[in-house]
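To start, the structure itself, in structure tokens.
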Amino acid sequence: MKKLFLVSALSFFGLASYAQDAAKQDDAANKLLVDGFRKDKEKSDKDASDPKSSAKAAFWMERAKLHENIASQASQVDSNAAKVAYESYKKVVELDKTKKGEPGKSAKEAQTILDGGEGTNLFNAFVRQGAEKYQAKNLAGALEMFTIAQEINKKDTLASLYGGIAAQQLDQKDVAKTQFEKYAANGGKDPSVYYGLAQLYRAENNFDKAIETLNKGLAQAPGNKDLKAEVVNILLASGKEDQAIKELEALAVSDPKNVQNVVNLAILYDNMQRTAGDKIKQINSKMGAGSKSAASAAKNLESEKGKIEVYDGEIKRIGALIKKQPKNADLKRQLADVNTKKKETVTAIAALEAEAKNAQASAGSSDNAAFEKELAELKPKQKEASDKAIANYKKALEIDAANYDALFNLGVYYFNEAVILKGEVDNMNMTEYQQKGKEVEGRVCGKFKKAKPYFEKAIQAKDEAEAKETLATVNGILDQFTAKQVACVDEQ
């Protein structure tokens, strides 16, 4: 499955600018300044292992500020300078205590820096070095830098945005969600973040959380069409079709020229009517199965009863012959065989009578009453959905006469109607066909004829194989009707 990266163009360029600034500094930096930082860093690293130096808060303050400057001005000296500064400031807080055990002046200053106080730059140093690591494809290092930056400034959205991007590219979905949730909680406004975060929840089938996320995004960007459309998509994915339709209807009203919303609404209604049609077909099949079973049992019973008459005739005939030839062993054997078969048939009749009785009872059972009730509810719903599907397809074509989806789907709608109607003809017996077969065939032809121009226009709008193949099928069927001299009947 394709990975979805949330970063918007604006966010990405913002991130890139940090690394670009550093590169410019690298190109333009005064070699003497860089060399000076290297020399100072070497001395600081050496003193850090000295027991006397490392015991003083002043040493750690000096080391912290040195590395903060390196991170901001000459990152090539130490790509982890911001982290060294961060740990050094924490060491100042630990060591600088008054006689009463309270924080000293340096400790208070260091804590202000660690808390991202006004006028401090440690947060920016982390973001800058995080951006550099990101550009260098060191995603794990970038994520670490952005995460620490959030500890310094818990209300910022920049580090949580970039941290989420890095985490997602590392396929650390839970971390990405945490980062983007922080971004949202701090009032981040980039719609692409909310969209992508919703996708992460959707992938877990956490549809409620996905919808909640999208709504947060819409609160920040009320007119964003992508977020609104994704609400509908997730409602559909979660099986909330009715709610999805309400959302789409609202979108169609608020943005009446947006043809895609209208097409999507038509497709939803089309799917609803097809689903209802399938259920109606299944119910009719079950009801028909009961009637067929009863008819079949009655037919089998009559067939067995007919055998009794044959056996009785044979018994009478063979009995008459035996009277004339009382010692004929073969005639006696034949009579015994016929009596055995008659006895077997009598037993079979009893079983078939019970079967026929049960089948008849089943055909008229309460199940059928329930089926009838369900049909009574389904048929008007299917009709309403069908009418709304057609109305919205046509509305879409009023907005955009060359909309491929509306043209093709409307053609398919009439094509399917023709197929269903043709099924009625196929199921007719000879008597039924002679009575009304030609008339129904004319209506079938009319529906195929009605579908044809929509496929033709769809091909003009977009050269798609599905439309071409379906049009070829329609033309072939219409040619067959012409050969049979069936007149197409147009129905409005």
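Just remember, in the structure tokens the first chain shown is A, the second B, etc., residues are 1-based per chain, and ligands are 1-based in the order shown.
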
With a distance cut-off of 8 Å and only C-alpha atoms, select the neighbouring residues of segment 46-58 of chain A, excluding the residue or stretch itself and same-chain residues fewer than 6 positions from it, and output the selection as a compact mmCIF listing (two decimals) with C-alpha atoms, in the first residue's frame.
# COMPACT_ATOMS: atom_id res chain seq x y z
CA LYS A 91 23.75 20.06 34.58
CA VAL A 92 23.81 23.75 35.55
CA VAL A 93 20.38 23.39 37.18
CA LEU A 95 24.85 21.95 40.37
CA ASP A 96 23.99 25.60 41.00
CA SER A 106 22.87 30.46 36.83

For Ala184 of chain A, please output as a short mmCIF file (atom, residue, chain, number, x, y, z; two decimals) with C-alpha atoms, in the first residue's frame all residues within 10 Å (counting only C-alpha atoms; exclusion window: fewer than 5 positions along the same chain).
data_model
loop_
_atom_site.label_atom_id
_atom_site.label_comp_id
_atom_site.auth_asym_id
_atom_site.auth_seq_id
_atom_site.Cartn_x
_atom_site.Cartn_y
_atom_site.Cartn_z
CA THR A 157 3.54 23.44 16.38
CA SER A 160 5.58 18.47 16.38
CA LEU A 161 4.79 18.87 12.68
CA THR A 178 1.36 11.40 19.08
CA GLN A 179 3.33 14.10 17.27
CA LYS A 189 -3.73 24.88 10.97
CA ASP A 190 -2.27 22.80 8.12
CA VAL A 193 -1.82 17.15 8.81
CA TYR A 194 -5.40 16.54 9.91
CA LEU A 197 -3.71 11.85 10.87
CA THR A 213 -9.67 14.45 13.67
CA LYS A 216 -10.80 19.37 14.25
CA GLY A 217 -9.17 20.14 10.93
CA GLN A 220 -9.15 25.28 11.61
#

Would you kindly return, as a PyMOL selection string, each protein, DNA or RNA residue with an atom no farther than 7 Å from any atom of segment 231-242 of chain A, considering only C-alpha atoms and excluding same-chain residues fewer than 3 positions away?
-> chain A and resi 207+211+214+227-228+245-248

Only C-alpha atoms, please: the residues just picked out, written as a PDB file, in the first residue's frame.
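What ended up in result38.pdb:
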ATOM      1  CA  PHE A 207     -13.343   5.486  12.282  1.00  0.00           C
ATOM      2  CA  ILE A 211     -13.911  11.628  11.951  1.00  0.00           C
ATOM      3  CA  LEU A 214     -11.183  15.656  10.411  1.00  0.00           C
ATOM      4  CA  LEU A 227     -11.327  17.288   4.636  1.00  0.00           C
ATOM      5  CA  LYS A 228     -15.062  17.431   3.939  1.00  0.00           C
ATOM      6  CA  ILE A 245     -25.475  10.856   2.214  1.00  0.00           C
ATOM      7  CA  LYS A 246     -26.467  13.659   4.588  1.00  0.00           C
ATOM      8  CA  GLU A 247     -22.924  15.004   4.534  1.00  0.00           C
ATOM      9  CA  LEU A 248     -22.786  14.849   0.738  1.00  0.00           C
TER      10      LEU A 248
END

Smallest atom-to-atom distance to Ala402 of chain A: which of A:Asp45, A:Asp78, A:Asp40, A:Glu456, using only C-alpha atoms?
-> A:Glu456

Could you name the residues that touch Asn138 of chain A at 12 Å or less, counting only C-alpha atoms, but leaving out those on the same chain fewer than 5 positions away, as a PyMOL selection string?
-> chain A and resi 79+129-133+143-145+166-167+169-170

Nearby residues (only C-alpha atoms) at most 12 Å from segment 477-482 of chain A, same-chain spacing under 2 positions excluded, as a ChimeraX atom specification = /A:415,418-419,422,438,441-452,470-475,484-489

Which value, in Å to one decimal, gives the distance between atom CA of Ala461 of chain A and atom CA of Leu397 of chain A?
->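 According to the coordinates, atom CA of Ala461 of chain A and atom CA of Leu397 of chain A are separated by 11.8 Å.
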
Residue set, segment 108-143 of chain A restricted to alpha helix (DSSP H), as a tab-separated table (two decimals) with N, CA and C atoms, in the first residue's frame:
chain	number	residue	atom	x	y	z
A	108	LYS	N	18.74	29.39	37.56
A	108	LYS	CA	17.48	30.02	37.10
A	108	LYS	C	17.57	30.40	35.62
A	109	GLU	N	18.72	30.91	35.22
A	109	GLU	CA	18.91	31.27	33.81
A	109	GLU	C	18.83	30.02	32.92
A	110	ALA	N	19.52	28.96	33.36
A	110	ALA	CA	19.51	27.72	32.58
A	110	ALA	C	18.10	27.13	32.47
A	111	GLN	N	17.36	27.20	33.58
A	111	GLN	CA	16.00	26.65	33.56
A	111	GLN	C	15.10	27.45	32.61
A	112	THR	N	15.29	28.76	32.60
A	112	THR	CA	14.53	29.61	31.67
A	112	THR	C	14.80	29.20	30.22
A	113	ILE	N	16.07	28.92	29.94
A	113	ILE	CA	16.44	28.48	28.59
A	113	ILE	C	15.82	27.12	28.28
A	114	LEU	N	15.88	26.19	29.23
A	114	LEU	CA	15.31	24.85	29.04
A	114	LEU	C	13.79	24.91	28.86
A	122	LEU	N	17.46	28.06	22.28
A	122	LEU	CA	17.78	26.64	22.26
A	122	LEU	C	16.76	25.86	21.41
A	123	PHE	N	15.49	26.24	21.48
A	123	PHE	CA	14.45	25.58	20.67
A	123	PHE	C	14.82	25.66	19.19
A	124	ASN	N	15.17	26.87	18.72
A	124	ASN	CA	15.52	27.03	17.31
A	124	ASN	C	16.75	26.22	16.93
A	125	ALA	N	17.67	26.09	17.87
A	125	ALA	CA	18.87	25.30	17.59
A	125	ALA	C	18.50	23.83	17.33
A	126	PHE	N	17.58	23.31	18.14
A	126	PHE	CA	17.13	21.92	17.93
A	126	PHE	C	16.40	21.75	16.60
A	127	VAL	N	15.52	22.70	16.29
A	127	VAL	CA	14.78	22.60	15.03
A	127	VAL	C	15.73	22.67	13.85
A	128	ARG	N	16.72	23.56	13.93
A	128	ARG	CA	17.68	23.70	12.83
A	128	ARG	C	18.47	22.40	12.63
A	129	GLN	N	18.99	21.84	13.72
A	129	GLN	CA	19.77	20.61	13.57
A	129	GLN	C	18.87	19.42	13.21
A	130	GLY	N	17.63	19.45	13.66
A	130	GLY	CA	16.69	18.41	13.24
A	130	GLY	C	16.43	18.48	11.75
A	131	ALA	N	16.28	19.70	11.22
A	131	ALA	CA	16.06	19.88	9.78
A	131	ALA	C	17.26	19.39	8.98
A	132	GLU	N	18.46	19.67	9.49
A	132	GLU	CA	19.67	19.21	8.80
A	132	GLU	C	19.72	17.68	8.75
A	133	LYS	N	19.38	17.04	9.85
A	133	LYS	CA	19.38	15.58	9.87
A	133	LYS	C	18.31	15.02	8.93
A	134	TYR	N	17.19	15.69	8.91
A	134	TYR	CA	16.10	15.25	8.01
A	134	TYR	C	16.57	15.32	6.56
A	135	GLN	N	17.20	16.43	6.19
A	135	GLN	CA	17.68	16.59	4.82
A	135	GLN	C	18.78	15.57	4.49
A	139	LEU	N	16.59	10.18	9.60
A	139	LEU	CA	15.25	10.43	10.12
A	139	LEU	C	15.16	10.18	11.62
A	140	ALA	N	15.85	9.15	12.10
A	140	ALA	CA	15.81	8.85	13.54
A	140	ALA	C	16.43	10.01	14.32
A	141	GLY	N	17.56	10.53	13.82
A	141	GLY	CA	18.20	11.66	14.48
A	141	GLY	C	17.33	12.90	14.43
A	142	ALA	N	16.67	13.11	13.30
A	142	ALA	CA	15.78	14.27	13.16
A	142	ALA	C	14.63	14.17	14.16
A	143	LEU	N	14.05	12.97	14.27
A	143	LEU	CA	12.93	12.77	15.19
A	143	LEU	C	13.35	13.06	16.62

Which residues are close to Asn261 of chain A, i.e. within 12 Å by only C-alpha atoms, leaving aside same-chain residues fewer than 5 positions away? Reply as a short mmCIF file (atom, residue, chain, number, x, y, z; two decimals) with N, CA and C atoms, in the first residue's frame.
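Wrote it out as part.cif, contents follow:
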data_model
loop_
_atom_site.label_atom_id
_atom_site.label_comp_id
_atom_site.auth_asym_id
_atom_site.auth_seq_id
_atom_site.Cartn_x
_atom_site.Cartn_y
_atom_site.Cartn_z
N LYS A 225 -12.11 21.46 1.13
CA LYS A 225 -12.93 20.45 0.44
C LYS A 225 -12.41 19.03 0.65
N ASP A 226 -11.08 18.89 0.74
CA ASP A 226 -10.51 17.55 0.93
C ASP A 226 -10.93 16.95 2.27
N LYS A 228 -13.63 17.73 4.01
CA LYS A 228 -15.06 17.43 3.94
C LYS A 228 -15.33 16.14 3.17
N ALA A 229 -14.63 15.99 2.05
CA ALA A 229 -14.83 14.78 1.24
C ALA A 229 -14.36 13.53 1.99
N GLU A 230 -13.28 13.68 2.77
CA GLU A 230 -12.77 12.51 3.49
C GLU A 230 -13.70 12.10 4.62
N VAL A 232 -16.88 12.05 4.35
CA VAL A 232 -17.84 11.20 3.64
C VAL A 232 -17.22 9.82 3.38
N ASN A 233 -15.97 9.80 2.90
CA ASN A 233 -15.30 8.53 2.60
C ASN A 233 -15.21 7.62 3.82
N ALA A 244 -23.39 9.45 5.55
CA ALA A 244 -22.55 9.92 4.44
C ALA A 244 -23.39 10.68 3.41
N ILE A 245 -24.59 10.18 3.17
CA ILE A 245 -25.47 10.86 2.21
C ILE A 245 -25.85 12.24 2.73
N LYS A 246 -26.13 12.35 4.01
CA LYS A 246 -26.47 13.66 4.59
C LYS A 246 -25.30 14.64 4.43
N GLU A 247 -24.10 14.14 4.68
CA GLU A 247 -22.92 15.00 4.53
C GLU A 247 -22.76 15.46 3.08
N LEU A 248 -22.95 14.52 2.15
CA LEU A 248 -22.79 14.85 0.74
C LEU A 248 -23.87 15.81 0.26
N GLU A 249 -25.08 15.61 0.74
CA GLU A 249 -26.18 16.51 0.37
C GLU A 249 -25.88 17.93 0.86
N ALA A 250 -25.31 18.02 2.06
CA ALA A 250 -24.94 19.33 2.59
C ALA A 250 -23.82 19.95 1.75
N LEU A 251 -22.87 19.13 1.33
CA LEU A 251 -21.79 19.62 0.48
C LEU A 251 -22.33 20.11 -0.86
N ALA A 252 -23.29 19.36 -1.41
CA ALA A 252 -23.87 19.73 -2.71
C ALA A 252 -24.61 21.06 -2.62
N VAL A 253 -25.20 21.33 -1.47
CA VAL A 253 -25.92 22.60 -1.27
C VAL A 253 -24.93 23.74 -1.08
N SER A 254 -23.90 23.51 -0.25
CA SER A 254 -22.95 24.58 0.06
C SER A 254 -22.02 24.89 -1.12
N ASP A 255 -21.82 23.90 -1.98
CA ASP A 255 -20.93 24.09 -3.14
C ASP A 255 -21.61 23.51 -4.38
N PRO A 256 -22.66 24.17 -4.88
CA PRO A 256 -23.51 23.60 -5.94
C PRO A 256 -22.81 23.37 -7.28
N ALA A 266 -24.93 10.74 -6.35
CA ALA A 266 -25.66 9.86 -7.29
C ALA A 266 -25.18 8.42 -7.16
N ILE A 267 -23.87 8.24 -7.04
CA ILE A 267 -23.32 6.88 -6.91
C ILE A 267 -23.80 6.22 -5.63
N LEU A 268 -23.87 7.00 -4.55
CA LEU A 268 -24.37 6.45 -3.29
C LEU A 268 -25.81 5.97 -3.43
N ASN A 392 -29.58 12.95 -9.64
CA ASN A 392 -28.26 13.52 -9.37
C ASN A 392 -27.28 13.30 -10.51
N TYR A 393 -27.38 12.16 -11.21
CA TYR A 393 -26.55 11.98 -12.40
C TYR A 393 -26.86 13.07 -13.43
N LYS A 395 -28.24 15.98 -12.82
CA LYS A 395 -27.82 17.27 -12.27
C LYS A 395 -26.32 17.47 -12.50
N ALA A 396 -25.55 16.40 -12.33
CA ALA A 396 -24.11 16.48 -12.56
C ALA A 396 -23.83 16.84 -14.02
N ILE A 399 -24.16 20.45 -14.74
CA ILE A 399 -22.99 21.22 -14.32
C ILE A 399 -21.84 20.99 -15.29
N ASP A 405 -17.85 10.05 -15.34
CA ASP A 405 -18.48 9.17 -14.35
C ASP A 405 -20.00 9.24 -14.42
N ALA A 406 -20.53 10.44 -14.55
CA ALA A 406 -21.99 10.59 -14.62
C ALA A 406 -22.53 9.94 -15.90
#

Can you tell me how far atom CA of Val338 of chain A sits from atom CA of Ala351 of chain A, in Å to one decimal?
->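 Pair atom CA of Val338 of chain A / atom CA of Ala351 of chain A returns 20.1 Å.
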
Using only C-alpha atoms, which of the listed residues (A:Ala298, A:Leu421, A:Ala350, A:Met272) sits closest to Lys388 of chain A?
->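 Between A:Ala298, A:Leu421, A:Ala350, A:Met272, the residue approaching Lys388 of chain A most closely is A:Met272.
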
Surrounding residues of Ala85 of chain A excluding itself and chain neighbours under 4 positions, 10 Å, only C-alpha atoms, as a list in words =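 My reading of the contact set: Trp60, Met61, Glu62, Arg63, Ala64, Lys65, Leu66, His67, Glu68, Asn69, Ile70, Ala71, Asn80, Ala81, Tyr89, Lys90, Lys91, Leu114, Leu122, Ala125 and Phe126 of chain A.
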
Just C-alpha atoms for this one: save the residues we selected as a tab-separated table (two decimals), in the first residue's frame.
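Result file is out-v9.tsv:
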chain	number	residue	atom	x	y	z
A	60	TRP	CA	28.57	23.68	32.31
A	61	MET	CA	26.97	27.07	31.60
A	62	GLU	CA	29.93	27.99	29.39
A	63	ARG	CA	29.79	24.59	27.67
A	64	ALA	CA	26.02	24.91	27.13
A	65	LYS	CA	26.28	28.34	25.51
A	66	LEU	CA	29.21	27.24	23.35
A	67	HIS	CA	27.31	24.31	21.93
A	68	GLU	CA	24.13	26.35	21.52
A	69	ASN	CA	26.14	28.77	19.35
A	70	ILE	CA	27.69	25.90	17.42
A	71	ALA	CA	24.23	24.48	16.70
A	80	ASN	CA	24.51	17.09	17.94
A	81	ALA	CA	25.57	20.38	19.49
A	89	TYR	CA	21.97	23.39	30.85
A	90	LYS	CA	20.37	20.57	32.85
A	91	LYS	CA	23.75	20.06	34.58
A	114	LEU	CA	15.31	24.85	29.04
A	122	LEU	CA	17.78	26.64	22.26
A	125	ALA	CA	18.87	25.30	17.59
A	126	PHE	CA	17.13	21.92	17.93
